[in-house]
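Asker: See run.txt below, with compact mmCIF, C-alpha atoms.
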```
# COMPACT_ATOMS: atom_id res chain seq x y z
CA MET K 1 -55.63 27.10 94.44
CA VAL K 2 -53.77 24.16 95.96
CA GLN K 3 -51.72 22.33 93.33
CA GLY K 4 -50.36 19.37 95.29
CA THR K 5 -51.27 17.62 98.52
CA GLY K 6 -49.88 14.82 100.61
CA ILE K 7 -50.41 12.94 103.85
CA TYR K 8 -47.51 11.55 105.89
CA LYS K 9 -48.06 9.55 109.08
CA ASP K 10 -45.59 8.69 111.82
CA ARG K 11 -46.33 7.17 115.24
CA GLY K 12 -49.85 8.53 115.38
CA SER K 13 -49.09 12.01 114.11
CA LYS K 14 -50.58 13.03 110.79
CA PHE K 15 -48.92 15.62 108.55
CA LEU K 16 -51.09 17.15 105.84
CA SER K 17 -49.07 18.96 103.18
CA PHE K 18 -50.14 21.52 100.60
CA ALA K 19 -48.09 23.10 97.82
CA GLU K 20 -49.25 25.98 95.67
CA PRO K 21 -47.80 28.69 93.46
CA ILE K 22 -47.62 32.23 94.83
CA ALA K 23 -46.89 35.51 93.09
CA ASN K 24 -45.67 37.60 96.02
CA GLU K 25 -45.25 37.80 99.79
CA GLU K 26 -48.69 39.32 100.33
CA GLU K 27 -50.32 36.35 98.62
CA ALA K 28 -48.21 33.96 100.71
CA LYS K 29 -49.37 35.63 103.93
CA GLU K 30 -53.02 35.51 102.84
CA ARG K 31 -52.80 31.80 102.03
CA ILE K 32 -50.99 31.00 105.30
CA ASN K 33 -53.74 32.78 107.25
CA TRP K 34 -56.34 30.80 105.31
CA TYR K 35 -54.66 27.51 106.30
CA LYS K 36 -54.43 28.62 109.95
CA LYS K 37 -58.17 29.33 110.00
CA LYS K 38 -59.13 26.16 108.13
CA TYR K 39 -56.96 23.94 110.35
CA HIS K 40 -57.47 25.83 113.60
CA ASP K 41 -57.75 22.54 115.48
CA ALA K 42 -54.27 21.35 114.43
CA ARG K 43 -51.34 21.48 116.82
CA HIS K 44 -48.96 23.09 114.29
CA VAL K 45 -49.32 24.88 110.93
CA CYS K 46 -45.77 25.15 109.60
CA TYR K 47 -44.63 26.54 106.29
CA ALA K 48 -41.92 27.75 103.97
CA TYR K 49 -42.00 29.74 100.79
CA ARG K 50 -39.52 30.87 98.20
CA LEU K 51 -39.85 33.94 95.98
CA GLY K 52 -36.67 34.24 93.95
CA PRO K 53 -33.10 33.58 95.04
CA ASP K 54 -33.04 36.05 97.94
CA LEU K 55 -36.57 35.98 99.40
CA TRP K 56 -37.74 33.08 101.52
CA ARG K 57 -39.50 32.60 104.84
CA THR K 58 -40.01 29.66 107.21
CA LYS K 59 -42.12 29.09 110.31
CA ASP K 60 -41.84 26.24 112.82
CA ASP K 61 -45.08 27.25 114.62
CA GLY K 62 -44.16 25.86 118.01
CA GLU K 63 -42.10 22.90 116.85
CA PRO K 64 -38.46 22.91 118.04
CA HIS K 65 -36.42 25.50 116.15
CA GLY K 66 -35.35 24.35 112.70
CA THR K 67 -37.34 21.12 112.67
CA ALA K 68 -40.25 22.14 110.42
CA GLY K 69 -39.84 25.27 108.31
CA LEU K 70 -36.23 24.63 107.32
CA PRO K 71 -36.81 21.02 106.16
CA ILE K 72 -39.78 22.28 104.12
CA LEU K 73 -37.62 24.98 102.51
CA ARG K 74 -34.82 22.50 101.80
CA ALA K 75 -37.28 20.20 100.03
CA ILE K 76 -38.52 23.14 97.94
CA ASP K 77 -34.95 24.06 97.03
CA SER K 78 -34.00 20.44 96.28
CA ALA K 79 -36.87 20.32 93.80
CA GLY K 80 -35.57 23.52 92.18
CA LEU K 81 -38.87 25.34 92.66
CA ASP K 82 -39.57 29.05 92.95
CA HIS K 83 -42.63 31.19 93.67
CA ILE K 84 -44.08 28.42 95.79
CA LEU K 85 -45.62 28.04 99.23
CA VAL K 86 -45.71 24.75 101.12
CA VAL K 87 -47.81 24.44 104.28
CA VAL K 88 -47.64 21.35 106.48
CA VAL K 89 -50.35 20.90 109.11
CA ARG K 90 -49.56 18.55 112.00
CA TYR K 91 -52.11 16.71 114.08
CA PHE K 92 -50.19 15.41 117.10
CA GLY K 93 -50.63 11.70 117.72
CA GLY K 94 -49.42 11.53 121.32
CA THR K 95 -45.87 10.31 120.70
CA LEU K 96 -42.92 12.70 120.53
CA LEU K 97 -40.90 12.19 117.36
CA GLY K 98 -37.72 13.96 118.46
CA THR K 99 -35.93 16.55 116.37
CA GLY K 100 -34.66 14.05 113.80
CA GLY K 101 -38.09 12.46 113.43
CA LEU K 102 -39.74 15.85 113.00
CA MET K 103 -37.26 16.91 110.35
CA VAL K 104 -37.88 13.69 108.40
CA ALA K 105 -41.65 14.00 108.76
CA TYR K 106 -41.81 17.60 107.52
CA ARG K 107 -39.41 16.89 104.66
CA GLU K 108 -41.28 13.78 103.52
CA ALA K 109 -44.69 15.46 103.82
CA THR K 110 -43.38 18.30 101.65
CA LYS K 111 -42.02 15.91 99.04
CA LEU K 112 -45.42 14.20 98.81
CA ALA K 113 -47.12 17.51 98.00
CA LEU K 114 -44.42 18.59 95.56
CA VAL K 115 -44.55 15.45 93.43
CA LYS K 116 -48.20 16.10 92.65
```
Rewrite the coordinates I just gave you, this time as structure tokens.
Answerer:
Amino acid sequence: MVQGTGIYKDRGSKFLSFAEPIANEEEAKERINWYKKKYHDARHVCYAYRLGPDLWRTKDDGEPHGTAGLPILRAIDSAGLDHILVVVVRYFGGTLLGTGGLMVAYREATKLALVK
């Protein structure tokens, strides 16, 4: 049920992004598990979702704290969206991007999925 997708590349790393509507937290968890199984060979499967003004979750999945899930959530909020899940799958390209580079990459990958 993916609604929007995107691909962002930076210094060899590839970030695949997926945005889709969700009805509740249970559905979000089911979809996240689906992505983890489908992209089991990826280095990181990061995500954020928002369900109303007071319910949101983020996951950096091994990236430095605050460099993946939070930029995804901020992009969701900047777009004014609700009841949405965004998952960004990273295939590591061999070059470290640093915290700033990671934050940009996850934000831009999210934006690419959200515009579709």
Asker: Skip Gly66 of chain K itself and residues of its chain fewer than 2 positions away, then list as a PDB file with C-alpha atoms, in the coordinates of the input all residues within 12 Å of it, counting only C-alpha atoms.
Answerer:
```pdb
ATOM      1  CA  CYS K  46     -45.770  25.150 109.600  1.00  0.00           C
ATOM      2  CA  TYR K  47     -44.630  26.540 106.290  1.00  0.00           C
ATOM      3  CA  ALA K  48     -41.920  27.750 103.970  1.00  0.00           C
ATOM      4  CA  THR K  58     -40.010  29.660 107.210  1.00  0.00           C
ATOM      5  CA  LYS K  59     -42.120  29.090 110.310  1.00  0.00           C
ATOM      6  CA  ASP K  60     -41.840  26.240 112.820  1.00  0.00           C
ATOM      7  CA  ASP K  61     -45.080  27.250 114.620  1.00  0.00           C
ATOM      8  CA  GLY K  62     -44.160  25.860 118.010  1.00  0.00           C
ATOM      9  CA  GLU K  63     -42.100  22.900 116.850  1.00  0.00           C
ATOM     10  CA  PRO K  64     -38.460  22.910 118.040  1.00  0.00           C
ATOM     11  CA  ALA K  68     -40.250  22.140 110.420  1.00  0.00           C
ATOM     12  CA  GLY K  69     -39.840  25.270 108.310  1.00  0.00           C
ATOM     13  CA  LEU K  70     -36.230  24.630 107.320  1.00  0.00           C
ATOM     14  CA  PRO K  71     -36.810  21.020 106.160  1.00  0.00           C
ATOM     15  CA  ILE K  72     -39.780  22.280 104.120  1.00  0.00           C
ATOM     16  CA  LEU K  73     -37.620  24.980 102.510  1.00  0.00           C
ATOM     17  CA  ARG K  74     -34.820  22.500 101.800  1.00  0.00           C
ATOM     18  CA  THR K  99     -35.930  16.550 116.370  1.00  0.00           C
ATOM     19  CA  GLY K 100     -34.660  14.050 113.800  1.00  0.00           C
ATOM     20  CA  LEU K 102     -39.740  15.850 113.000  1.00  0.00           C
ATOM     21  CA  MET K 103     -37.260  16.910 110.350  1.00  0.00           C
ATOM     22  CA  VAL K 104     -37.880  13.690 108.400  1.00  0.00           C
ATOM     23  CA  TYR K 106     -41.810  17.600 107.520  1.00  0.00           C
ATOM     24  CA  ARG K 107     -39.410  16.890 104.660  1.00  0.00           C
TER      25      ARG K 107
END
```
Asker: Could you tell me how far atom CA of Tyr39 of chain K lies from atom CA of Thr110 of chain K, in Å and to one decimal?
Answerer: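 Atom CA of Thr110 of chain K lies 17.1 Å from atom CA of Tyr39 of chain K.
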Asker: I'd like the contact shell of Gly52 of chain K - 12 Å cut-off, only C-alpha atoms, skipping same-chain residues fewer than 4 positions apart - returned as a CSV table (one decimal) with C-alpha atoms, in the coordinates of the input.
Answerer:
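In the end it all went to around.csv:
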```csv
chain,number,residue,atom,x,y,z
K,22,ILE,CA,-47.6,32.2,94.8
K,23,ALA,CA,-46.9,35.5,93.1
K,24,ASN,CA,-45.7,37.6,96.0
K,25,GLU,CA,-45.2,37.8,99.8
K,56,TRP,CA,-37.7,33.1,101.5
K,57,ARG,CA,-39.5,32.6,104.8
K,76,ILE,CA,-38.5,23.1,97.9
K,77,ASP,CA,-35.0,24.1,97.0
K,80,GLY,CA,-35.6,23.5,92.2
K,81,LEU,CA,-38.9,25.3,92.7
K,82,ASP,CA,-39.6,29.0,93.0
K,83,HIS,CA,-42.6,31.2,93.7
K,84,ILE,CA,-44.1,28.4,95.8
```
Asker: Considering all atoms listed in the file, can you say which of K:Tyr91, K:Ser13, K:Pro53, K:Thr67 comes closest to Asp41 of chain K?
Answerer: K:Tyr91
Asker: Work out how far atom CA of Phe92 of chain K is from atom CA of Ser17 of chain K, in Å to one decimal.
Answerer: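 Answer for the atom CA of Ser17 of chain K to atom CA of Phe92 of chain K separation: 14.4 Å.
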Asker: For Lys29 of chain K, which of K:Gly6, K:Val87, K:Lys14, K:Gly98 is the closest residue, counting only C-alpha atoms?
Answerer: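 Smallest distance to Lys29 of chain K is found for K:Val87.
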Asker: Taking all atoms listed in the file into account, name the residue in K:Lys38, K:Lys111, K:Arg43, K:Lys116 that is nearest to Gly94 of chain K.
Answerer: K:Arg43
